[in-house]
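Take a look at the structure below.
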Amino acid sequence: MPIAFKEWAVTVRALAEGEQLLTLRKGGIREAGKHFALEHDRFFLYPTFDHQRNDLVRESHQPELRRALEEGVWPEGEPPARALTMDGGIPQPDRVRIRAWAEVAGAWTVTDRRALDGLTPFHVWTSDYAEKRLAWKRRHPLHVLLLRTYRIPRPVTVRVRDDYGGCRSWLEITRDLPFEGTPVLSDEEFDRVSQEIAGIAEANGAPAYA
């Protein structure tokens, strides 16, 4: 079955538009040992509204929170605008749209806040979001994944299952999905930016994965 990586809907949208190039992980309560493990190097991007918070999305990207509702399908229509301002205010949809997949182009473990500060231009979250991720379970490093994202030709609608819920990174999707499509950035642009990201991470002591 196809593997999907679970991420906030607003973040999936940013990745699919080339406005975000990386993601951050430490592990969720439904993962083995509550630690993140990079188990796959190619996966579909599964949009979720679990714990998505508008106050942890950069102000310049706030309009995308409303547009990110397009990633879900609710039986009674989209949630009201006021739901966007509440943590947990958006109920899980009956179905979500899978519109992109990604491959891991680089991975580092970060323990220094300076590395996170340098990587700020490459994601749509607030600095507070990144710092909270780093501070949680402080003895363990934060995983930084550089993603090369591709838009599939036509979004595929997937039914939301009960076992997709909770704080976890990896899901098995119970329908066929195509590893097809166009990269959201050209080869030249992605090579340039990925070198910049690697330079920032490694200059601040972030070791690359073996």
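Residues are referred to by chain and number: the chain letter is A, B, ... according to the order shown in the structure tokens, the number counts from 1 in that chain, and ligands are numbered separately from 1 in the order shown.
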
Let's see if you can do this: from backbone DSSP, list all strand (DSSP E or B) residues in chain A, as a PDB file with N, CA, C and O atoms, in the first residue's frame.
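Everything below was put into out.pdb:
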ATOM      1  N   ILE A   3       2.576   4.677   0.975  1.00  0.00           N
ATOM      2  CA  ILE A   3       2.894   5.309   2.249  1.00  0.00           C
ATOM      3  C   ILE A   3       2.688   6.815   2.119  1.00  0.00           C
ATOM      4  O   ILE A   3       3.053   7.424   1.109  1.00  0.00           O
ATOM      5  N   ALA A   4       2.115   7.397   3.161  1.00  0.00           N
ATOM      6  CA  ALA A   4       1.902   8.851   3.193  1.00  0.00           C
ATOM      7  C   ALA A   4       2.510   9.432   4.459  1.00  0.00           C
ATOM      8  O   ALA A   4       2.580   8.767   5.501  1.00  0.00           O
ATOM      9  N   PHE A   5       2.937  10.663   4.354  1.00  0.00           N
ATOM     10  CA  PHE A   5       3.516  11.426   5.464  1.00  0.00           C
ATOM     11  C   PHE A   5       2.460  12.435   5.901  1.00  0.00           C
ATOM     12  O   PHE A   5       1.965  13.220   5.104  1.00  0.00           O
ATOM     13  N   LYS A   6       2.126  12.403   7.167  1.00  0.00           N
ATOM     14  CA  LYS A   6       1.039  13.225   7.696  1.00  0.00           C
ATOM     15  C   LYS A   6       1.579  14.594   8.115  1.00  0.00           C
ATOM     16  O   LYS A   6       2.538  14.691   8.883  1.00  0.00           O
ATOM     17  N   GLU A   7       0.955  15.654   7.621  1.00  0.00           N
ATOM     18  CA  GLU A   7       1.397  17.017   7.911  1.00  0.00           C
ATOM     19  C   GLU A   7       0.188  17.944   7.880  1.00  0.00           C
ATOM     20  O   GLU A   7      -0.820  17.640   7.244  1.00  0.00           O
ATOM     21  N   TRP A   8       0.276  19.066   8.600  1.00  0.00           N
ATOM     22  CA  TRP A   8      -0.817  20.042   8.584  1.00  0.00           C
ATOM     23  C   TRP A   8      -1.222  20.357   7.149  1.00  0.00           C
ATOM     24  O   TRP A   8      -0.365  20.476   6.257  1.00  0.00           O
ATOM     25  N   LEU A  22      11.030  22.214   3.589  1.00  0.00           N
ATOM     26  CA  LEU A  22      11.462  21.280   4.614  1.00  0.00           C
ATOM     27  C   LEU A  22      10.351  21.041   5.628  1.00  0.00           C
ATOM     28  O   LEU A  22       9.350  21.753   5.658  1.00  0.00           O
ATOM     29  N   THR A  23      10.543  20.013   6.430  1.00  0.00           N
ATOM     30  CA  THR A  23       9.637  19.757   7.540  1.00  0.00           C
ATOM     31  C   THR A  23      10.461  19.378   8.754  1.00  0.00           C
ATOM     32  O   THR A  23      11.640  19.016   8.638  1.00  0.00           O
ATOM     33  N   LEU A  24       9.834  19.473   9.915  1.00  0.00           N
ATOM     34  CA  LEU A  24      10.507  19.233  11.193  1.00  0.00           C
ATOM     35  C   LEU A  24       9.775  18.119  11.938  1.00  0.00           C
ATOM     36  O   LEU A  24       8.545  18.105  11.975  1.00  0.00           O
ATOM     37  N   ARG A  25      10.524  17.225  12.557  1.00  0.00           N
ATOM     38  CA  ARG A  25       9.897  16.118  13.279  1.00  0.00           C
ATOM     39  C   ARG A  25      10.699  15.742  14.518  1.00  0.00           C
ATOM     40  O   ARG A  25      11.914  15.748  14.516  1.00  0.00           O
ATOM     41  N   ARG A  42      10.438   8.182   0.085  1.00  0.00           N
ATOM     42  CA  ARG A  42       9.498   8.687  -0.912  1.00  0.00           C
ATOM     43  C   ARG A  42       8.090   8.387  -0.421  1.00  0.00           C
ATOM     44  O   ARG A  42       7.818   7.267   0.012  1.00  0.00           O
ATOM     45  N   PHE A  43       7.208   9.378  -0.480  1.00  0.00           N
ATOM     46  CA  PHE A  43       5.887   9.217   0.124  1.00  0.00           C
ATOM     47  C   PHE A  43       4.940  10.295  -0.383  1.00  0.00           C
ATOM     48  O   PHE A  43       5.365  11.348  -0.874  1.00  0.00           O
ATOM     49  N   PHE A  44       3.658  10.035  -0.223  1.00  0.00           N
ATOM     50  CA  PHE A  44       2.637  11.024  -0.535  1.00  0.00           C
ATOM     51  C   PHE A  44       2.434  11.935   0.666  1.00  0.00           C
ATOM     52  O   PHE A  44       2.767  11.578   1.805  1.00  0.00           O
ATOM     53  N   LEU A  45       1.931  13.121   0.417  1.00  0.00           N
ATOM     54  CA  LEU A  45       1.709  14.112   1.477  1.00  0.00           C
ATOM     55  C   LEU A  45       0.230  14.101   1.861  1.00  0.00           C
ATOM     56  O   LEU A  45      -0.633  14.414   1.038  1.00  0.00           O
ATOM     57  N   TYR A  46      -0.028  13.715   3.089  1.00  0.00           N
ATOM     58  CA  TYR A  46      -1.392  13.563   3.590  1.00  0.00           C
ATOM     59  C   TYR A  46      -1.754  14.783   4.440  1.00  0.00           C
ATOM     60  O   TYR A  46      -1.153  15.010   5.493  1.00  0.00           O
ATOM     61  N   PRO A  47      -2.735  15.596   4.011  1.00  0.00           N
ATOM     62  CA  PRO A  47      -3.094  16.799   4.764  1.00  0.00           C
ATOM     63  C   PRO A  47      -4.010  16.484   5.946  1.00  0.00           C
ATOM     64  O   PRO A  47      -5.004  15.774   5.804  1.00  0.00           O
ATOM     65  N   THR A  48      -3.649  16.983   7.105  1.00  0.00           N
ATOM     66  CA  THR A  48      -4.468  16.781   8.298  1.00  0.00           C
ATOM     67  C   THR A  48      -4.779  18.125   8.961  1.00  0.00           C
ATOM     68  O   THR A  48      -4.030  19.097   8.805  1.00  0.00           O
ATOM     69  N   VAL A  57       1.373  29.730  12.374  1.00  0.00           N
ATOM     70  CA  VAL A  57       1.634  29.956  10.956  1.00  0.00           C
ATOM     71  C   VAL A  57       2.014  31.416  10.773  1.00  0.00           C
ATOM     72  O   VAL A  57       1.366  32.312  11.332  1.00  0.00           O
ATOM     73  N   GLY A  72      -9.670  19.250   2.336  1.00  0.00           N
ATOM     74  CA  GLY A  72     -10.610  18.326   2.961  1.00  0.00           C
ATOM     75  C   GLY A  72     -11.976  18.381   2.310  1.00  0.00           C
ATOM     76  O   GLY A  72     -12.305  19.336   1.604  1.00  0.00           O
ATOM     77  N   VAL A  73     -12.776  17.345   2.554  1.00  0.00           N
ATOM     78  CA  VAL A  73     -14.160  17.288   2.075  1.00  0.00           C
ATOM     79  C   VAL A  73     -15.037  16.927   3.262  1.00  0.00           C
ATOM     80  O   VAL A  73     -14.895  15.834   3.836  1.00  0.00           O
ATOM     81  N   ARG A  95     -13.105  13.037   3.936  1.00  0.00           N
ATOM     82  CA  ARG A  95     -12.109  12.684   2.936  1.00  0.00           C
ATOM     83  C   ARG A  95     -11.088  13.805   2.813  1.00  0.00           C
ATOM     84  O   ARG A  95     -11.374  14.947   3.152  1.00  0.00           O
ATOM     85  N   VAL A  96      -9.909  13.465   2.344  1.00  0.00           N
ATOM     86  CA  VAL A  96      -8.884  14.478   2.049  1.00  0.00           C
ATOM     87  C   VAL A  96      -8.403  14.282   0.627  1.00  0.00           C
ATOM     88  O   VAL A  96      -8.539  13.195   0.052  1.00  0.00           O
ATOM     89  N   ARG A  97      -7.833  15.349   0.077  1.00  0.00           N
ATOM     90  CA  ARG A  97      -7.304  15.300  -1.292  1.00  0.00           C
ATOM     91  C   ARG A  97      -5.782  15.171  -1.253  1.00  0.00           C
ATOM     92  O   ARG A  97      -5.100  16.014  -0.662  1.00  0.00           O
ATOM     93  N   ILE A  98      -5.284  14.134  -1.861  1.00  0.00           N
ATOM     94  CA  ILE A  98      -3.846  13.950  -2.009  1.00  0.00           C
ATOM     95  C   ILE A  98      -3.455  14.574  -3.342  1.00  0.00           C
ATOM     96  O   ILE A  98      -3.904  14.129  -4.393  1.00  0.00           O
ATOM     97  N   ARG A  99      -2.637  15.621  -3.286  1.00  0.00           N
ATOM     98  CA  ARG A  99      -2.292  16.326  -4.518  1.00  0.00           C
ATOM     99  C   ARG A  99      -0.790  16.370  -4.788  1.00  0.00           C
ATOM    100  O   ARG A  99      -0.350  16.923  -5.785  1.00  0.00           O
ATOM    101  N   ALA A 100       0.003  15.776  -3.876  1.00  0.00           N
ATOM    102  CA  ALA A 100       1.460  15.864  -4.058  1.00  0.00           C
ATOM    103  C   ALA A 100       2.163  14.699  -3.376  1.00  0.00           C
ATOM    104  O   ALA A 100       1.619  14.066  -2.471  1.00  0.00           O
ATOM    105  N   TRP A 101       3.371  14.432  -3.836  1.00  0.00           N
ATOM    106  CA  TRP A 101       4.242  13.479  -3.168  1.00  0.00           C
ATOM    107  C   TRP A 101       5.641  14.092  -3.073  1.00  0.00           C
ATOM    108  O   TRP A 101       5.928  15.105  -3.706  1.00  0.00           O
ATOM    109  N   ALA A 102       6.466  13.492  -2.245  1.00  0.00           N
ATOM    110  CA  ALA A 102       7.795  14.073  -2.010  1.00  0.00           C
ATOM    111  C   ALA A 102       8.826  12.973  -1.846  1.00  0.00           C
ATOM    112  O   ALA A 102       8.510  11.845  -1.456  1.00  0.00           O
ATOM    113  N   GLU A 103      10.066  13.336  -2.131  1.00  0.00           N
ATOM    114  CA  GLU A 103      11.198  12.460  -1.838  1.00  0.00           C
ATOM    115  C   GLU A 103      12.168  13.234  -0.954  1.00  0.00           C
ATOM    116  O   GLU A 103      12.299  14.463  -1.066  1.00  0.00           O
ATOM    117  N   VAL A 104      12.818  12.517  -0.062  1.00  0.00           N
ATOM    118  CA  VAL A 104      13.751  13.152   0.868  1.00  0.00           C
ATOM    119  C   VAL A 104      15.062  13.423   0.140  1.00  0.00           C
ATOM    120  O   VAL A 104      15.732  12.500  -0.330  1.00  0.00           O
ATOM    121  N   ALA A 105      15.426  14.701   0.065  1.00  0.00           N
ATOM    122  CA  ALA A 105      16.650  15.103  -0.629  1.00  0.00           C
ATOM    123  C   ALA A 105      17.786  15.401   0.344  1.00  0.00           C
ATOM    124  O   ALA A 105      18.935  15.572  -0.071  1.00  0.00           O
ATOM    125  N   GLY A 106      17.485  15.462   1.625  1.00  0.00           N
ATOM    126  CA  GLY A 106      18.496  15.722   2.641  1.00  0.00           C
ATOM    127  C   GLY A 106      17.865  15.589   4.011  1.00  0.00           C
ATOM    128  O   GLY A 106      16.651  15.797   4.161  1.00  0.00           O
ATOM    129  N   ALA A 107      18.645  15.219   5.003  1.00  0.00           N
ATOM    130  CA  ALA A 107      18.115  15.062   6.362  1.00  0.00           C
ATOM    131  C   ALA A 107      19.219  15.323   7.372  1.00  0.00           C
ATOM    132  O   ALA A 107      20.351  14.864   7.202  1.00  0.00           O
ATOM    133  N   TRP A 108      18.865  16.079   8.420  1.00  0.00           N
ATOM    134  CA  TRP A 108      19.818  16.442   9.461  1.00  0.00           C
ATOM    135  C   TRP A 108      19.141  16.342  10.819  1.00  0.00           C
ATOM    136  O   TRP A 108      17.920  16.403  10.922  1.00  0.00           O
ATOM    137  N   THR A 109      19.955  16.189  11.857  1.00  0.00           N
ATOM    138  CA  THR A 109      19.438  16.258  13.224  1.00  0.00           C
ATOM    139  C   THR A 109      19.971  17.534  13.862  1.00  0.00           C
ATOM    140  O   THR A 109      21.180  17.801  13.826  1.00  0.00           O
ATOM    141  N   VAL A 110      19.066  18.309  14.432  1.00  0.00           N
ATOM    142  CA  VAL A 110      19.383  19.646  14.934  1.00  0.00           C
ATOM    143  C   VAL A 110      19.199  19.706  16.444  1.00  0.00           C
ATOM    144  O   VAL A 110      18.194  19.223  16.979  1.00  0.00           O
ATOM    145  N   TRP A 125       6.042  28.303   9.025  1.00  0.00           N
ATOM    146  CA  TRP A 125       5.704  28.364  10.440  1.00  0.00           C
ATOM    147  C   TRP A 125       6.367  29.560  11.113  1.00  0.00           C
ATOM    148  O   TRP A 125       7.336  30.128  10.598  1.00  0.00           O
ATOM    149  N   LEU A 142      16.065  17.351  16.933  1.00  0.00           N
ATOM    150  CA  LEU A 142      14.973  17.620  16.007  1.00  0.00           C
ATOM    151  C   LEU A 142      15.408  17.183  14.612  1.00  0.00           C
ATOM    152  O   LEU A 142      16.510  17.502  14.170  1.00  0.00           O
ATOM    153  N   HIS A 143      14.559  16.464  13.931  1.00  0.00           N
ATOM    154  CA  HIS A 143      14.861  16.000  12.580  1.00  0.00           C
ATOM    155  C   HIS A 143      14.404  17.052  11.563  1.00  0.00           C
ATOM    156  O   HIS A 143      13.247  17.491  11.596  1.00  0.00           O
ATOM    157  N   VAL A 144      15.301  17.446  10.697  1.00  0.00           N
ATOM    158  CA  VAL A 144      15.003  18.391   9.614  1.00  0.00           C
ATOM    159  C   VAL A 144      15.086  17.626   8.300  1.00  0.00           C
ATOM    160  O   VAL A 144      16.138  17.060   7.972  1.00  0.00           O
ATOM    161  N   LEU A 145      13.980  17.592   7.560  1.00  0.00           N
ATOM    162  CA  LEU A 145      13.940  16.880   6.290  1.00  0.00           C
ATOM    163  C   LEU A 145      13.771  17.873   5.152  1.00  0.00           C
ATOM    164  O   LEU A 145      12.831  18.674   5.158  1.00  0.00           O
ATOM    165  N   LEU A 146      14.666  17.813   4.195  1.00  0.00           N
ATOM    166  CA  LEU A 146      14.553  18.595   2.963  1.00  0.00           C
ATOM    167  C   LEU A 146      13.779  17.754   1.955  1.00  0.00           C
ATOM    168  O   LEU A 146      14.174  16.628   1.648  1.00  0.00           O
ATOM    169  N   LEU A 147      12.673  18.300   1.445  1.00  0.00           N
ATOM    170  CA  LEU A 147      11.793  17.543   0.562  1.00  0.00           C
ATOM    171  C   LEU A 147      11.786  18.106  -0.852  1.00  0.00           C
ATOM    172  O   LEU A 147      11.666  19.309  -1.045  1.00  0.00           O
ATOM    173  N   ARG A 148      11.889  17.219  -1.813  1.00  0.00           N
ATOM    174  CA  ARG A 148      11.656  17.563  -3.222  1.00  0.00           C
ATOM    175  C   ARG A 148      10.224  17.134  -3.523  1.00  0.00           C
ATOM    176  O   ARG A 148       9.911  15.939  -3.510  1.00  0.00           O
ATOM    177  N   THR A 149       9.363  18.099  -3.770  1.00  0.00           N
ATOM    178  CA  THR A 149       7.924  17.835  -3.880  1.00  0.00           C
ATOM    179  C   THR A 149       7.468  17.872  -5.332  1.00  0.00           C
ATOM    180  O   THR A 149       7.934  18.703  -6.118  1.00  0.00           O
ATOM    181  N   TYR A 150       6.536  16.981  -5.644  1.00  0.00           N
ATOM    182  CA  TYR A 150       5.958  16.867  -6.992  1.00  0.00           C
ATOM    183  C   TYR A 150       4.431  16.943  -6.888  1.00  0.00           C
ATOM    184  O   TYR A 150       3.834  16.310  -6.012  1.00  0.00           O
ATOM    185  N   ARG A 151       3.818  17.684  -7.785  1.00  0.00           N
ATOM    186  CA  ARG A 151       2.356  17.716  -7.868  1.00  0.00           C
ATOM    187  C   ARG A 151       1.892  16.620  -8.816  1.00  0.00           C
ATOM    188  O   ARG A 151       2.371  16.531  -9.950  1.00  0.00           O
ATOM    189  N   ILE A 152       0.950  15.788  -8.353  1.00  0.00           N
ATOM    190  CA  ILE A 152       0.414  14.749  -9.224  1.00  0.00           C
ATOM    191  C   ILE A 152      -0.588  15.381 -10.188  1.00  0.00           C
ATOM    192  O   ILE A 152      -1.168  16.433  -9.889  1.00  0.00           O
ATOM    193  N   PRO A 153      -0.791  14.775 -11.369  1.00  0.00           N
ATOM    194  CA  PRO A 153      -1.627  15.424 -12.398  1.00  0.00           C
ATOM    195  C   PRO A 153      -3.038  15.760 -11.929  1.00  0.00           C
ATOM    196  O   PRO A 153      -3.561  16.832 -12.227  1.00  0.00           O
ATOM    197  N   ARG A 154      -3.664  14.853 -11.183  1.00  0.00           N
ATOM    198  CA  ARG A 154      -5.004  15.100 -10.670  1.00  0.00           C
ATOM    199  C   ARG A 154      -5.062  14.691  -9.206  1.00  0.00           C
ATOM    200  O   ARG A 154      -4.657  13.576  -8.853  1.00  0.00           O
ATOM    201  N   PRO A 155      -5.566  15.564  -8.318  1.00  0.00           N
ATOM    202  CA  PRO A 155      -5.695  15.178  -6.912  1.00  0.00           C
ATOM    203  C   PRO A 155      -6.538  13.911  -6.761  1.00  0.00           C
ATOM    204  O   PRO A 155      -7.496  13.693  -7.507  1.00  0.00           O
ATOM    205  N   VAL A 156      -6.158  13.075  -5.815  1.00  0.00           N
ATOM    206  CA  VAL A 156      -6.875  11.839  -5.533  1.00  0.00           C
ATOM    207  C   VAL A 156      -7.543  11.967  -4.168  1.00  0.00           C
ATOM    208  O   VAL A 156      -6.892  12.346  -3.186  1.00  0.00           O
ATOM    209  N   THR A 157      -8.830  11.672  -4.102  1.00  0.00           N
ATOM    210  CA  THR A 157      -9.569  11.779  -2.846  1.00  0.00           C
ATOM    211  C   THR A 157      -9.458  10.474  -2.069  1.00  0.00           C
ATOM    212  O   THR A 157      -9.681   9.393  -2.617  1.00  0.00           O
ATOM    213  N   VAL A 158      -9.105  10.601  -0.787  1.00  0.00           N
ATOM    214  CA  VAL A 158      -8.895   9.440   0.077  1.00  0.00           C
ATOM    215  C   VAL A 158      -9.808   9.562   1.291  1.00  0.00           C
ATOM    216  O   VAL A 158      -9.890  10.631   1.907  1.00  0.00           O
ATOM    217  N   ARG A 159     -10.491   8.483   1.620  1.00  0.00           N
ATOM    218  CA  ARG A 159     -11.356   8.492   2.798  1.00  0.00           C
ATOM    219  C   ARG A 159     -10.516   8.501   4.073  1.00  0.00           C
ATOM    220  O   ARG A 159      -9.514   7.790   4.180  1.00  0.00           O
ATOM    221  N   TRP A 170       3.521   8.486   9.834  1.00  0.00           N
ATOM    222  CA  TRP A 170       3.375   7.608   8.674  1.00  0.00           C
ATOM    223  C   TRP A 170       2.013   6.929   8.633  1.00  0.00           C
ATOM    224  O   TRP A 170       1.514   6.464   9.654  1.00  0.00           O
ATOM    225  N   LEU A 171       1.441   6.874   7.439  1.00  0.00           N
ATOM    226  CA  LEU A 171       0.157   6.218   7.219  1.00  0.00           C
ATOM    227  C   LEU A 171       0.272   5.297   6.004  1.00  0.00           C
ATOM    228  O   LEU A 171       1.050   5.566   5.086  1.00  0.00           O
ATOM    229  N   GLU A 172      -0.535   4.252   5.993  1.00  0.00           N
ATOM    230  CA  GLU A 172      -0.680   3.410   4.813  1.00  0.00           C
ATOM    231  C   GLU A 172      -2.019   3.736   4.166  1.00  0.00           C
ATOM    232  O   GLU A 172      -3.064   3.637   4.808  1.00  0.00           O
ATOM    233  N   THR A 182       4.900  16.689 -11.780  1.00  0.00           N
ATOM    234  CA  THR A 182       5.905  17.700 -12.078  1.00  0.00           C
ATOM    235  C   THR A 182       6.501  18.253 -10.794  1.00  0.00           C
ATOM    236  O   THR A 182       5.765  18.575  -9.852  1.00  0.00           O
ATOM    237  N   PRO A 183       7.832  18.380 -10.711  1.00  0.00           N
ATOM    238  CA  PRO A 183       8.413  18.989  -9.511  1.00  0.00           C
ATOM    239  C   PRO A 183       7.986  20.448  -9.383  1.00  0.00           C
ATOM    240  O   PRO A 183       7.847  21.156 -10.381  1.00  0.00           O
ATOM    241  N   ALA A 208      24.425  15.401   9.165  1.00  0.00           N
ATOM    242  CA  ALA A 208      23.550  14.771   8.192  1.00  0.00           C
ATOM    243  C   ALA A 208      23.341  13.324   8.561  1.00  0.00           C
ATOM    244  O   ALA A 208      24.163  12.706   9.258  1.00  0.00           O
TER     245      ALA A 208
END

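Nearest-residue note for Gly181 (chain A): choosing from A:Ile90, A:Ala16, A:Gln62, A:Leu69, the minimum distance belongs to A:Ala16, counting only C-alpha atoms.
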
Using only C-alpha atoms: which of A:Gly118, A:Gln92, A:Glu64, A:His51 has the shortest distance to Gly199 (chain A): A:Gly118

Using Å and a single decimal, report how far CA of Thr111 (chain A) sits from CA of Tyr129 (chain A).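 Going from CA of Tyr129 (chain A) over to CA of Thr111 (chain A) covers 15.0 Å.
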